[in-house]
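Accompanying notes for the structure given below.
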Amino acid sequence: MKNFELKGSIVAIVTPFTENGDIDVDAFDQLIDWHLANGTDGLVVCGTTGETPALTGDEDAFLIERAVKRVGGKIPVIAGTGSNSTQECIRYSRKAEAIGVDAVLVVGPYYNKPTEKGMYMHFATVAEAIDVPIILYNVPSRTGSKISVANTIKLANAFDNIVAIKEASGDLALFTELVAQRPDGFMVYSGDDFLSASANLLGADGCISVIANVIPKEFAQLMAASLTGDVKEVNAIFYKYRELMDLMFIESNPIPVKTTLAEMGRVKEVFRSPMCAMEKSTKALLLDELKKLSII
């Protein structure tokens with residue numbers, strides 16, 4: 001199954017809500033259409049940026065099915081199905097597989113901090129239970145645990161349906177280790193917009209991105225340029241949006257990116273608790289940069 005060849009800009013799409021807190025279906029559809037029109041290469045639904053910890057299981061399934069139908073096979077759809085319970089992860093993944101996703105994104109178990117052996121067993125058990133391609137997701141700052149390079153390579157060699165990793169540790173050295181050791185066909189994606197172009201120039205395959213929510217066309221161009229080694233174009237795009245990439249994380253994701261989309265008129269500035277509106281001081285910094293870039 002290691003013929004999963006998705007590369008480039010993969011947006012971790014936000015989940016829009018109406019003022020009463022329900023999913024804003026029309027806004028979600030329009031966001032998907034906007035990405036299809038602006039060169040986004042893949043779509044992750046129900047990831048961290050989509051506020052999935054605050055969504056119900058029924059809402060997860062609804063969003064996944066809605067995305068699959070709206071995209072209509074034009075680009076791959078990836079569903080976030082991770083859990084710190086192996087059996088729950090299997091249940092979520094089987095449901096997404098039945099809906100028709102192209103892959104599932106499975107985060108390392110959070111809070112319970114498995115050992116190296118436990119981490120391997122978790123992903124091995126999930127891989128044996130489903131057929132859909134699996135993208136591992138290493139984000140130690142969120143989970144309190146890590147998927148080591150050794151475990152990643154061991155899993156990639158052992159299971160044909162473990163096809164990629166989203167590496168979001170913020171450590172560029174890890175990208176070089178993963179790229180150097182990975183088996184043929186195993187994809188390495190950045191989970192950090194700021195490092196994504198550098199990672200691609202070192203051999204990575206793209207980015208599962210936050211800022212692609214805001215500048216889908218430009219971020220797709222950045223990914224394309226970095227994947228083909230066009231350093232001049234990379235520098236032109238990267239340095240234009242460097243400050244904005246930082247500001248997307250001035251408060252916990254997805255607060256800044258969703259605030260930006262609200263200022264752009266694409267979603268309402270509504271979050272699911274415990275996410276909340278930005279502080280006035282940090283929002284002012286964000287708005288100033290958005291105005292400088294003529295985004296708002």
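Residues in the structure tokens are named by chain (A, B, ... in the order shown) and by number from 1 within that chain; ligands are numbered from 1 in the order shown.
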(message) When you look at A:Val126 with a cut-off of 8 Å (counting only C-alpha atoms), what residues show up, excluding the ones that are within fewer than 2 positions of it in the same chain? I need them as a PyMOL selection string.
(response) chain A and resi 86+89-90+122-124+128-130
Residues of stretch 23-84 of chain A at most 12 Å from stretch 165-170 of chain A: nearest atom pair and distance in Å, only C-alpha atoms, as CSV:
```
residue,atom,partner,partner_atom,distance
A:Val44,CA,A:Lys166,CA,11.5
A:Gly47,CA,A:Lys166,CA,11.7
A:Thr48,CA,A:Ala168,CA,12.0
A:Gly80,CA,A:Lys166,CA,11.6
```
Keeping only C-alpha atoms, write the selected residues as a short mmCIF file (atom, residue, chain, number, x, y, z; two decimals), in the first residue's frame.
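Written output follows (part-v8.cif):
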```
data_model
loop_
_atom_site.label_atom_id
_atom_site.label_comp_id
_atom_site.auth_asym_id
_atom_site.auth_seq_id
_atom_site.Cartn_x
_atom_site.Cartn_y
_atom_site.Cartn_z
CA VAL A 44 -7.51 16.87 7.00
CA GLY A 47 -7.76 17.35 13.46
CA THR A 48 -6.55 19.58 16.28
CA GLY A 80 -8.27 12.54 12.38
#
```
(message) Excluding A:Ala156 and its own-chain neighbours fewer than 2 positions away, which residues fall within 12 Å of it when counting only C-alpha atoms? Please give them as a ChimeraX atom specification.
(response) /A:1-2,120,123-124,127,133-136,149-154,158-165,178,181-188
(request) Name the closest residue to A:Leu202 among the candidates A:Ala173, A:Ile250, A:Val214, A:Leu290; distances are taken between atoms, counting only C-alpha atoms. (result)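 Closest to A:Leu202, using only C-alpha atoms: A:Ala173.
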(message) Given only C-alpha atoms as the basis, pick out the residue of A:Leu31, A:Val179, A:Ala199, A:Thr115 nearest to A:Met264.
(response) A:Leu31
(message) When DSSP is applied to the backbone of this structure, which of stretch 22-265 of chain A are assigned alpha helix (DSSP H)? Write them out as a PyMOL selection string.
(response) chain A and resi 25-37+57-71+86-99+116-129+140-143+149-158+172-181+193-201+216-227+231-247+255-263
Write the residues you've just listed into a file as a tab-separated table (two decimals), in the first residue's frame, and include C-alpha atoms for each of them.
```tsv
chain	number	residue	atom	x	y	z
A	25	VAL	CA	-22.45	23.49	7.42
A	26	ASP	CA	-22.63	26.22	4.76
A	27	ALA	CA	-19.37	27.81	5.93
A	28	PHE	CA	-17.70	24.37	6.00
A	29	ASP	CA	-18.80	23.65	2.43
A	30	GLN	CA	-17.57	27.05	1.27
A	31	LEU	CA	-14.17	26.54	2.91
A	32	ILE	CA	-13.77	23.23	1.11
A	33	ASP	CA	-14.74	24.82	-2.21
A	34	TRP	CA	-12.20	27.60	-1.60
A	35	HIS	CA	-9.42	25.06	-1.05
A	36	LEU	CA	-10.36	23.12	-4.16
A	37	ALA	CA	-10.20	26.36	-6.18
A	57	GLY	CA	-18.50	11.35	17.83
A	58	ASP	CA	-21.59	12.07	15.75
A	59	GLU	CA	-20.22	15.48	14.77
A	60	ASP	CA	-16.90	13.92	13.78
A	61	ALA	CA	-18.66	11.42	11.54
A	62	PHE	CA	-20.88	14.13	10.04
A	63	LEU	CA	-17.91	16.35	9.16
A	64	ILE	CA	-15.92	13.47	7.68
A	65	GLU	CA	-18.82	12.34	5.51
A	66	ARG	CA	-19.61	15.91	4.48
A	67	ALA	CA	-16.00	16.50	3.44
A	68	VAL	CA	-15.77	13.26	1.45
A	69	LYS	CA	-18.95	14.08	-0.45
A	70	ARG	CA	-18.06	17.74	-1.02
A	71	VAL	CA	-14.54	16.98	-2.25
A	86	THR	CA	-6.44	1.78	21.28
A	87	GLN	CA	-9.92	0.29	20.95
A	88	GLU	CA	-11.54	3.70	20.60
A	89	CYS	CA	-8.99	4.61	17.91
A	90	ILE	CA	-9.90	1.45	16.02
A	91	ARG	CA	-13.61	2.26	16.32
A	92	TYR	CA	-13.14	5.83	15.04
A	93	SER	CA	-10.86	4.63	12.24
A	94	ARG	CA	-13.24	1.91	11.08
A	95	LYS	CA	-16.07	4.44	10.94
A	96	ALA	CA	-13.95	6.83	8.85
A	97	GLU	CA	-12.85	3.98	6.59
A	98	ALA	CA	-16.50	3.00	6.03
A	99	ILE	CA	-17.32	6.60	5.10
A	116	GLU	CA	8.21	2.51	23.59
A	117	LYS	CA	6.74	-0.99	23.55
A	118	GLY	CA	3.26	0.30	24.34
A	119	MET	CA	3.48	2.94	21.62
A	120	TYR	CA	4.48	0.33	19.05
A	121	MET	CA	1.72	-2.04	20.16
A	122	HIS	CA	-0.89	0.73	19.92
A	123	PHE	CA	-0.14	1.53	16.29
A	124	ALA	CA	0.44	-2.11	15.35
A	125	THR	CA	-2.97	-3.08	16.75
A	126	VAL	CA	-4.67	-0.26	14.86
A	127	ALA	CA	-2.86	-1.14	11.63
A	128	GLU	CA	-3.94	-4.78	11.91
A	129	ALA	CA	-7.58	-3.75	12.47
A	140	PRO	CA	4.80	15.82	21.87
A	141	SER	CA	3.81	19.33	22.98
A	142	ARG	CA	0.16	18.26	22.88
A	143	THR	CA	0.33	14.58	23.84
A	149	VAL	CA	12.18	7.71	14.99
A	150	ALA	CA	13.03	4.09	15.82
A	151	ASN	CA	9.38	3.19	16.37
A	152	THR	CA	8.30	5.09	13.26
A	153	ILE	CA	10.74	3.20	11.05
A	154	LYS	CA	9.90	-0.12	12.69
A	155	LEU	CA	6.17	0.44	12.12
A	156	ALA	CA	6.70	1.66	8.55
A	157	ASN	CA	8.67	-1.48	7.72
A	158	ALA	CA	6.20	-3.82	9.43
A	172	LEU	CA	14.39	19.81	12.02
A	173	ALA	CA	16.97	17.17	12.94
A	174	LEU	CA	14.14	14.66	13.34
A	175	PHE	CA	13.09	15.28	9.74
A	176	THR	CA	16.56	14.42	8.52
A	177	GLU	CA	16.56	11.19	10.57
A	178	LEU	CA	13.13	10.19	9.28
A	179	VAL	CA	13.99	10.98	5.67
A	180	ALA	CA	17.33	9.20	5.92
A	181	GLN	CA	15.91	6.01	7.44
A	193	ASP	CA	4.30	25.65	8.94
A	194	PHE	CA	7.44	27.56	9.88
A	195	LEU	CA	9.74	24.58	9.23
A	196	SER	CA	7.82	23.08	6.32
A	197	ALA	CA	9.74	24.56	3.41
A	198	SER	CA	13.09	23.78	5.05
A	199	ALA	CA	11.94	20.22	5.70
A	200	ASN	CA	10.89	19.80	2.07
A	201	LEU	CA	14.25	21.04	0.84
A	216	PRO	CA	-4.32	28.35	0.55
A	217	LYS	CA	-3.00	29.46	-2.83
A	218	GLU	CA	0.22	30.97	-1.51
A	219	PHE	CA	0.98	28.07	0.82
A	220	ALA	CA	0.40	25.59	-2.01
A	221	GLN	CA	2.88	27.61	-4.06
A	222	LEU	CA	5.39	27.53	-1.19
A	223	MET	CA	5.09	23.76	-0.92
A	224	ALA	CA	5.42	23.30	-4.69
A	225	ALA	CA	8.52	25.52	-4.83
A	226	SER	CA	10.21	23.79	-1.89
A	227	LEU	CA	9.45	20.33	-3.28
A	231	VAL	CA	14.96	28.34	-3.33
A	232	LYS	CA	14.39	31.81	-4.79
A	233	GLU	CA	10.63	31.28	-4.89
A	234	VAL	CA	10.68	29.65	-1.46
A	235	ASN	CA	12.42	32.67	0.05
A	236	ALA	CA	10.07	35.13	-1.63
A	237	ILE	CA	6.96	33.43	-0.23
A	238	PHE	CA	8.36	32.34	3.12
A	239	TYR	CA	9.73	35.71	4.16
A	240	LYS	CA	6.52	37.45	3.13
A	241	TYR	CA	4.45	35.25	5.46
A	242	ARG	CA	7.06	34.39	8.11
A	243	GLU	CA	5.61	36.71	10.74
A	244	LEU	CA	2.07	35.52	10.09
A	245	MET	CA	3.18	31.90	10.53
A	246	ASP	CA	4.47	32.82	13.99
A	247	LEU	CA	1.29	34.70	14.85
A	255	ILE	CA	-7.65	30.37	18.13
A	256	PRO	CA	-5.55	32.70	15.91
A	257	VAL	CA	-6.32	30.97	12.60
A	258	LYS	CA	-10.04	30.90	13.30
A	259	THR	CA	-9.96	34.54	14.40
A	260	THR	CA	-8.25	35.37	11.10
A	261	LEU	CA	-10.89	33.52	9.08
A	262	ALA	CA	-13.58	35.39	10.98
A	263	GLU	CA	-11.93	38.71	10.11
```
